[in-house]
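Peer 1: Provided herewith: run.txt, compact mmCIF, C-alpha atoms.
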```
# COMPACT_ATOMS: atom_id res chain seq x y z
CA MET M 1 -18.78 6.73 -13.61
CA LYS M 2 -16.74 8.18 -10.78
CA SER M 3 -13.48 9.93 -11.75
CA ILE M 4 -10.48 10.28 -9.44
CA VAL M 5 -7.17 12.05 -9.96
CA PHE M 6 -4.52 10.61 -7.64
CA ARG M 7 -1.20 12.26 -6.88
CA PRO M 8 0.99 9.76 -5.01
CA LEU M 9 3.98 12.11 -4.62
CA ARG M 10 4.31 15.86 -4.76
CA LEU M 11 7.16 18.32 -4.41
CA VAL M 12 6.58 21.10 -1.89
CA LYS M 13 8.41 24.02 -3.51
CA LYS M 14 8.60 26.03 -0.29
CA THR M 15 10.60 23.33 1.53
CA GLY M 16 11.99 21.34 -1.41
CA LYS M 17 10.71 18.13 0.21
CA ILE M 18 8.84 15.34 -1.54
CA VAL M 19 5.63 14.41 0.27
CA VAL M 20 3.71 11.15 -0.12
CA ALA M 21 -0.08 11.15 -0.35
CA SER M 22 -1.80 10.43 2.95
CA TYR M 23 -3.29 7.05 3.74
CA PRO M 24 -6.87 8.39 3.32
CA GLN M 25 -5.98 9.47 -0.22
CA TRP M 26 -4.65 6.00 -1.08
CA ASN M 27 -7.65 4.41 0.58
CA LYS M 28 -10.09 6.62 -1.36
CA VAL M 29 -8.81 5.06 -4.58
CA ARG M 30 -8.97 1.54 -3.20
CA THR M 31 -12.55 1.93 -1.97
CA ALA M 32 -13.59 3.38 -5.33
CA ASP M 33 -12.59 -0.01 -6.77
CA TYR M 34 -15.84 -1.53 -5.47
CA SER M 35 -17.39 -0.40 -8.76
CA ALA M 36 -16.23 0.89 -12.13
CA PHE M 37 -14.31 4.18 -11.97
CA SER M 38 -11.86 6.27 -13.95
CA LEU M 39 -8.45 6.76 -12.33
CA THR M 40 -5.90 9.29 -13.52
CA ILE M 41 -2.45 9.15 -11.92
CA ASP M 42 -0.64 12.48 -11.71
CA ASN M 43 2.85 11.31 -12.67
CA GLU M 44 4.83 14.23 -11.26
CA TYR M 45 7.05 11.55 -9.68
CA VAL M 46 8.59 10.70 -13.07
CA GLY M 47 10.90 13.72 -12.87
CA MET M 48 11.92 13.09 -9.25
CA ASP M 49 15.23 11.59 -8.14
CA PRO M 50 14.45 7.92 -7.33
CA ASN M 51 16.84 8.06 -4.36
CA ALA M 52 15.27 11.19 -2.85
CA PHE M 53 13.80 10.80 0.61
CA VAL M 54 10.05 11.10 1.14
CA TYR M 55 8.33 12.99 3.97
CA ASN M 56 4.88 13.23 5.50
CA HIS M 57 2.70 16.36 5.38
CA GLU M 58 4.44 17.69 8.52
CA GLY M 59 7.86 17.44 6.89
CA LYS M 60 8.95 14.47 9.02
CA PRO M 61 11.08 11.81 7.32
CA LEU M 62 9.26 8.55 6.71
CA PHE M 63 10.60 5.03 7.02
CA TRP M 64 9.66 1.78 5.32
CA ARG M 65 10.43 -1.87 5.87
CA ASP M 66 10.63 -2.91 2.24
CA PHE M 67 9.67 -6.38 1.06
CA ASP M 68 8.42 -7.94 -2.12
CA PRO M 69 4.60 -7.92 -2.06
CA GLU M 70 4.61 -10.91 -4.39
CA SER M 71 6.39 -12.91 -1.67
CA VAL M 72 3.39 -12.73 0.66
CA PRO M 73 1.82 -16.21 0.73
CA VAL M 74 -1.80 -16.12 -0.47
CA TRP M 75 -4.18 -18.80 0.80
CA GLU M 76 -7.62 -19.65 -0.49
CA SER M 77 -10.33 -19.07 2.12
CA THR M 78 -12.17 -22.18 0.95
CA ALA M 79 -9.39 -24.29 2.50
CA LEU M 80 -9.98 -22.65 5.89
CA THR M 81 -13.41 -23.77 7.03
CA THR M 82 -13.27 -23.94 10.82
CA HIS M 83 -12.08 -21.63 13.57
CA GLU M 84 -9.33 -24.14 14.37
CA ASP M 85 -8.18 -24.12 10.72
CA TRP M 86 -7.85 -20.33 10.86
CA ARG M 87 -6.01 -20.34 14.21
CA GLU M 88 -3.52 -22.98 13.01
CA PHE M 89 -3.07 -21.10 9.75
CA CYS M 90 -2.37 -17.78 11.49
CA ASP M 91 0.05 -19.36 13.97
CA ARG M 92 1.94 -21.17 11.20
CA ASN M 93 2.36 -18.02 9.09
CA ALA M 94 3.34 -15.71 11.95
CA GLY M 95 1.19 -12.80 10.80
CA PHE M 96 2.66 -12.62 7.30
CA TYR M 97 0.09 -13.82 4.80
CA ALA M 98 -2.88 -12.94 2.64
CA VAL M 99 -6.20 -14.71 2.18
CA ARG M 100 -8.12 -14.71 -1.10
CA HIS M 101 -11.84 -14.69 -0.47
CA ARG M 102 -14.46 -16.12 -2.80
CA PRO M 103 -15.30 -14.15 -5.96
CA PHE M 104 -18.28 -11.85 -5.65
CA GLU M 105 -19.96 -9.09 -7.63
CA GLY M 106 -17.44 -6.45 -8.64
CA PHE M 107 -14.48 -8.70 -7.80
CA PRO M 108 -14.57 -11.66 -10.20
CA ASN M 109 -11.14 -12.84 -9.00
CA GLY M 110 -12.15 -12.60 -5.35
CA SER M 111 -10.83 -10.15 -2.81
CA ILE M 112 -7.62 -10.51 -0.84
CA SER M 113 -7.18 -9.65 2.85
CA TYR M 114 -3.65 -9.06 4.09
CA CYS M 115 -2.19 -9.66 7.53
CA CYS M 116 1.31 -8.37 7.33
CA ALA M 117 3.79 -8.28 10.18
CA TYR M 118 5.79 -5.72 8.24
CA HIS M 119 3.32 -2.95 9.06
CA GLY M 120 3.46 -1.52 5.57
CA ILE M 121 0.05 -2.34 4.13
CA ASP M 122 -3.42 -2.52 5.56
CA CYS M 123 -5.66 -5.57 5.39
CA GLN M 124 -6.79 -4.61 1.87
CA GLY M 125 -3.26 -4.15 0.53
CA THR M 126 -3.22 -0.35 0.62
CA PRO M 127 0.26 1.04 1.47
CA THR M 128 0.48 2.93 4.75
CA PHE M 129 3.51 5.06 3.93
CA SER M 130 2.42 8.07 5.99
CA HIS M 131 2.06 5.96 9.17
CA GLN M 132 5.80 5.53 9.81
CA PRO M 133 7.57 8.80 10.70
CA ILE M 134 10.96 8.47 12.36
CA ASP M 135 9.69 9.05 15.91
CA ARG M 136 7.05 6.28 15.63
CA VAL M 137 9.51 3.76 14.20
CA ALA M 138 12.04 4.51 16.96
CA GLU M 139 9.40 4.21 19.70
CA TYR M 140 7.36 1.18 18.59
CA TYR M 141 9.70 -1.08 16.66
CA PRO M 142 12.59 -2.61 18.61
CA ASN M 143 14.16 -3.74 15.33
CA PHE M 144 14.19 -0.22 13.94
CA TYR M 145 17.47 -0.98 12.19
CA GLU M 146 15.45 -3.09 9.72
CA TRP M 147 13.65 0.04 8.55
CA GLU M 148 15.03 2.27 5.81
CA PRO M 149 14.27 5.84 4.84
CA LEU M 150 11.35 5.90 2.40
CA THR M 151 12.45 6.90 -1.10
CA VAL M 152 10.70 7.88 -4.31
CA ALA M 153 11.76 4.56 -5.89
CA VAL M 154 10.05 2.55 -3.14
CA VAL M 155 6.81 4.53 -3.44
CA VAL M 156 6.80 4.13 -7.24
CA LYS M 157 7.46 0.36 -6.97
CA TRP M 158 4.57 -0.07 -4.53
CA LEU M 159 2.33 2.22 -6.59
CA GLY M 160 2.75 -0.11 -9.57
CA TRP M 161 1.96 -3.22 -7.52
CA TRP M 162 -1.02 -1.54 -5.87
CA LEU M 163 -2.50 -0.30 -9.15
CA TYR M 164 -2.18 -3.81 -10.57
CA GLN M 165 -4.43 -5.07 -7.74
CA LEU M 166 -7.33 -2.81 -8.76
CA GLN M 167 -10.03 -4.69 -10.68
CA ASN M 168 -12.56 -2.04 -11.70
CA SER M 169 -10.49 0.96 -12.77
CA SER M 170 -10.04 2.56 -16.13
CA LEU M 171 -6.44 3.72 -15.66
CA GLN M 172 -4.65 6.68 -17.24
CA ILE M 173 -1.10 7.65 -16.28
CA GLY M 174 -0.47 11.38 -16.63
CA ARG M 175 -2.96 14.15 -17.15
```
For this file, produce the structure as structure tokens.

Peer 2:
Amino acid sequence: MKSIVFRPLRLVKKTGKIVVASYPQWNKVRTADYSAFSLTIDNEYVGMDPNAFVYNHEGKPLFWRDFDPESVPVWESTALTTHEDWREFCDRNAGFYAVRHRPFEGFPNGSISYCCAYHGIDCQGTPTFSHQPIDRVAEYYPNFYEWEPLTVAVVVKWLGWWLYQLQNSSLQIGR
């Protein structure tokens, strides 16, 4: 069985900044979920100030457009059988939805694909925290005022939701 140790947040002693794990690190855990694996979460974040800002590996402040992941409407793919059904569905939900696909080996509850206009998770539900430094938010999002500085509390909230989505992990919090 594959074993992974995941460290979602770490304190860089040299700068005193808290850095979030990169998207490839988050995605490595999610892709391991295709089969049984052992996941150990390094819970260094427990001792961090929940209101502390989070940075990327370059020390740039990160931003997040927070929303409740449970509020994303989830639709069953079996109800969407034609191309026209899908087009109408996508138009009606304005890019903010998830689709549960049929159960298959390894995923007895089926898999979920996300399409999220909030640009905070990928199509598999993996958070993309490191994708939103301040310069990118200011350049690409005209409603930048809807974005907030990423904090430890937000990362921890999303970590819990994301871990709950895994179906094949043997989870241990702390080393």

Peer 1: Pick from M:Val137, M:Val155, M:Val54, M:Ile121: nearest to M:Val12, with all atoms listed in the file counted?

Peer 2: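 Smallest separation from M:Val12 among the options: M:Val54.
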
Peer 1: Using all atoms listed in the file, which protein or nucleic acid residues come within 10 Å of M:Val5? Drop anything in the same chain fewer than 6 positions from it, and give the result as a list in words.

Peer 2: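 Returned residues: Val29, Ser38, Leu39, Thr40, Ile41, Asp42, Gln172, Ile173, Gly174 and Arg175 of chain M.
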
Peer 1: Can you tell me how far atom CA of M:Pro61 sits from atom CA of M:Val19, in Å to one decimal?

Peer 2: 9.3 Å

Peer 1: Tell me which protein, DNA and RNA residues are within 12 Å of M:Gln25, counting all atoms listed in the file, leaving out same-chain ones fewer than 3 positions away, and put them as a PyMOL selection string.

Peer 2: chain M and resi 4-9+20-22+28-32+126-130

Peer 1: Find the residue from M:Thr15, M:Ser71, M:Asn43, M:Asn168 that sits nearest to M:Glu58; use all atoms listed in the file when measuring.

Peer 2: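 Looking at the shortest contact to M:Glu58, the residue is M:Thr15.
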
Peer 1: May I ask which of the residues M:Gln124, M:Glu146, M:Val152, M:Thr82 is the closest one to M:Arg10, counting only C-alpha atoms?

Peer 2: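 The answer is M:Val152, which sits nearest to M:Arg10.
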
Peer 1: What separation in Å, quoted to one decimal, exists between atom CA of M:Glu44 and atom CA of M:Val156?

Peer 2: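 Pair atom CA of M:Glu44 / atom CA of M:Val156 returns 11.0 Å.
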
Peer 1: Could you state the separation of atom CA of M:Glu148 and atom CA of M:Asn27 in Å, given to one decimal place?

Peer 2: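 Between atom CA of M:Glu148 and atom CA of M:Asn27 the gap works out to 23.4 Å.
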
Peer 1: Which is closest to M:Gly16 among M:Gly59, M:Pro50, M:His131, M:Ala36, if we use all atoms listed in the file?

Peer 2: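 Among the listed residues, M:Gly59 lies closest to M:Gly16.
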
Peer 1: Would you mind telling me which residue in M:Thr151, M:Gln165, M:Ser170, M:Ser35 lies nearest to M:Asn51 when using all atoms listed in the file?

Peer 2: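 Of M:Thr151, M:Gln165, M:Ser170, M:Ser35, the one nearest M:Asn51, counting all atoms listed in the file, is M:Thr151.
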
Peer 1: Only N, CA and C atoms, as a CSV table (one decimal), in the first residue's frame: that is what I want for stretch 130-170 of chain M.

Peer 2:
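So the final result, stored in part_24.csv, reads:
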```
chain,number,residue,atom,x,y,z
M,130,SER,N,-2.5,27.9,-4.2
M,130,SER,CA,-1.3,28.5,-4.7
M,130,SER,C,-1.5,29.2,-6.1
M,131,HIS,N,-2.6,29.1,-6.7
M,131,HIS,CA,-2.8,29.7,-8.0
M,131,HIS,C,-3.3,31.2,-8.0
M,132,GLN,N,-3.5,31.7,-6.8
M,132,GLN,CA,-4.1,33.1,-6.7
M,132,GLN,C,-3.2,34.1,-5.9
M,133,PRO,N,-2.0,34.4,-6.4
M,133,PRO,CA,-1.2,35.4,-5.7
M,133,PRO,C,-1.9,36.8,-6.0
M,134,ILE,N,-1.5,37.8,-5.3
M,134,ILE,CA,-2.1,39.1,-5.4
M,134,ILE,C,-2.1,39.7,-6.8
M,135,ASP,N,-1.0,39.5,-7.5
M,135,ASP,CA,-0.8,40.1,-8.8
M,135,ASP,C,-1.8,39.4,-9.8
M,136,ARG,N,-2.0,38.1,-9.7
M,136,ARG,CA,-2.9,37.4,-10.6
M,136,ARG,C,-4.4,37.8,-10.4
M,137,VAL,N,-4.7,37.9,-9.1
M,137,VAL,CA,-6.1,38.3,-8.8
M,137,VAL,C,-6.4,39.7,-9.3
M,138,ALA,N,-5.4,40.6,-9.1
M,138,ALA,CA,-5.6,42.0,-9.5
M,138,ALA,C,-5.7,42.1,-11.1
M,139,GLU,N,-5.0,41.3,-11.8
M,139,GLU,CA,-5.0,41.4,-13.2
M,139,GLU,C,-6.1,40.7,-13.9
M,140,TYR,N,-6.6,39.5,-13.4
M,140,TYR,CA,-7.5,38.7,-14.1
M,140,TYR,C,-9.0,38.7,-13.6
M,141,TYR,N,-9.2,39.2,-12.4
M,141,TYR,CA,-10.5,39.2,-11.8
M,141,TYR,C,-11.0,40.6,-11.6
M,142,PRO,N,-11.9,41.1,-12.4
M,142,PRO,CA,-12.4,42.5,-12.3
M,142,PRO,C,-13.1,42.7,-10.9
M,143,ASN,N,-13.7,41.7,-10.4
M,143,ASN,CA,-14.3,41.8,-9.0
M,143,ASN,C,-13.3,41.4,-7.9
M,144,PHE,N,-12.1,41.9,-8.0
M,144,PHE,CA,-11.1,41.5,-7.1
M,144,PHE,C,-11.5,41.8,-5.6
M,145,TYR,N,-12.4,42.8,-5.4
M,145,TYR,CA,-12.8,43.1,-4.1
M,145,TYR,C,-13.6,42.0,-3.4
M,146,GLU,N,-14.0,41.0,-4.2
M,146,GLU,CA,-14.7,39.8,-3.6
M,146,GLU,C,-13.7,38.8,-3.0
M,147,TRP,N,-12.4,39.0,-3.3
M,147,TRP,CA,-11.4,38.1,-2.9
M,147,TRP,C,-10.8,38.6,-1.5
M,148,GLU,N,-10.5,37.6,-0.7
M,148,GLU,CA,-9.9,38.0,0.6
M,148,GLU,C,-8.5,37.3,0.8
M,149,PRO,N,-7.7,37.9,1.6
M,149,PRO,CA,-6.4,37.3,1.9
M,149,PRO,C,-6.6,35.9,2.4
M,150,LEU,N,-5.9,34.9,1.9
M,150,LEU,CA,-6.0,33.5,2.4
M,150,LEU,C,-5.4,33.4,3.8
M,151,THR,N,-6.1,32.8,4.7
M,151,THR,CA,-5.7,32.6,6.1
M,151,THR,C,-5.6,31.1,6.4
M,152,VAL,N,-4.9,30.9,7.5
M,152,VAL,CA,-4.7,29.5,8.0
M,152,VAL,C,-6.1,28.9,8.2
M,153,ALA,N,-7.1,29.6,8.8
M,153,ALA,CA,-8.4,29.1,9.1
M,153,ALA,C,-9.1,28.6,7.8
M,154,VAL,N,-8.9,29.3,6.7
M,154,VAL,CA,-9.6,28.9,5.4
M,154,VAL,C,-8.9,27.6,4.9
M,155,VAL,N,-7.6,27.6,5.0
M,155,VAL,CA,-6.9,26.4,4.5
M,155,VAL,C,-7.3,25.1,5.3
M,156,VAL,N,-7.4,25.3,6.6
M,156,VAL,CA,-7.8,24.2,7.5
M,156,VAL,C,-9.2,23.8,7.2
M,157,LYS,N,-10.1,24.7,7.0
M,157,LYS,CA,-11.5,24.4,6.7
M,157,LYS,C,-11.6,23.6,5.4
M,158,TRP,N,-10.9,24.0,4.4
M,158,TRP,CA,-11.0,23.3,3.1
M,158,TRP,C,-10.2,22.0,3.2
M,159,LEU,N,-9.2,21.9,4.0
M,159,LEU,CA,-8.5,20.6,4.2
M,159,LEU,C,-9.5,19.6,4.7
M,160,GLY,N,-10.2,19.9,5.7
M,160,GLY,CA,-11.2,19.0,6.3
M,160,GLY,C,-12.2,18.5,5.3
M,161,TRP,N,-12.8,19.5,4.5
M,161,TRP,CA,-13.8,19.1,3.5
M,161,TRP,C,-13.1,18.2,2.4
M,162,TRP,N,-11.9,18.6,2.0
M,162,TRP,CA,-11.2,17.8,1.0
M,162,TRP,C,-10.9,16.4,1.4
M,163,LEU,N,-10.4,16.2,2.6
M,163,LEU,CA,-10.1,14.9,3.2
M,163,LEU,C,-11.3,14.0,3.2
M,164,TYR,N,-12.5,14.7,3.6
M,164,TYR,CA,-13.7,13.9,3.7
M,164,TYR,C,-14.1,13.4,2.3
M,165,GLN,N,-13.7,14.0,1.2
M,165,GLN,CA,-14.0,13.5,-0.1
M,165,GLN,C,-13.3,12.3,-0.5
M,166,LEU,N,-12.1,12.0,0.1
M,166,LEU,CA,-11.3,10.9,-0.3
M,166,LEU,C,-12.0,9.6,0.1
M,167,GLN,N,-12.0,8.6,-0.8
M,167,GLN,CA,-12.7,7.3,-0.5
M,167,GLN,C,-11.8,6.1,-0.2
M,168,ASN,N,-10.5,6.2,-0.5
M,168,ASN,CA,-9.7,5.0,-0.4
M,168,ASN,C,-8.5,5.2,0.5
M,169,SER,N,-8.6,6.2,1.4
M,169,SER,CA,-7.4,6.5,2.3
M,169,SER,C,-7.6,5.9,3.7
M,170,SER,N,-6.5,5.6,4.2
M,170,SER,CA,-6.4,5.2,5.6
M,170,SER,C,-5.8,6.4,6.3
```
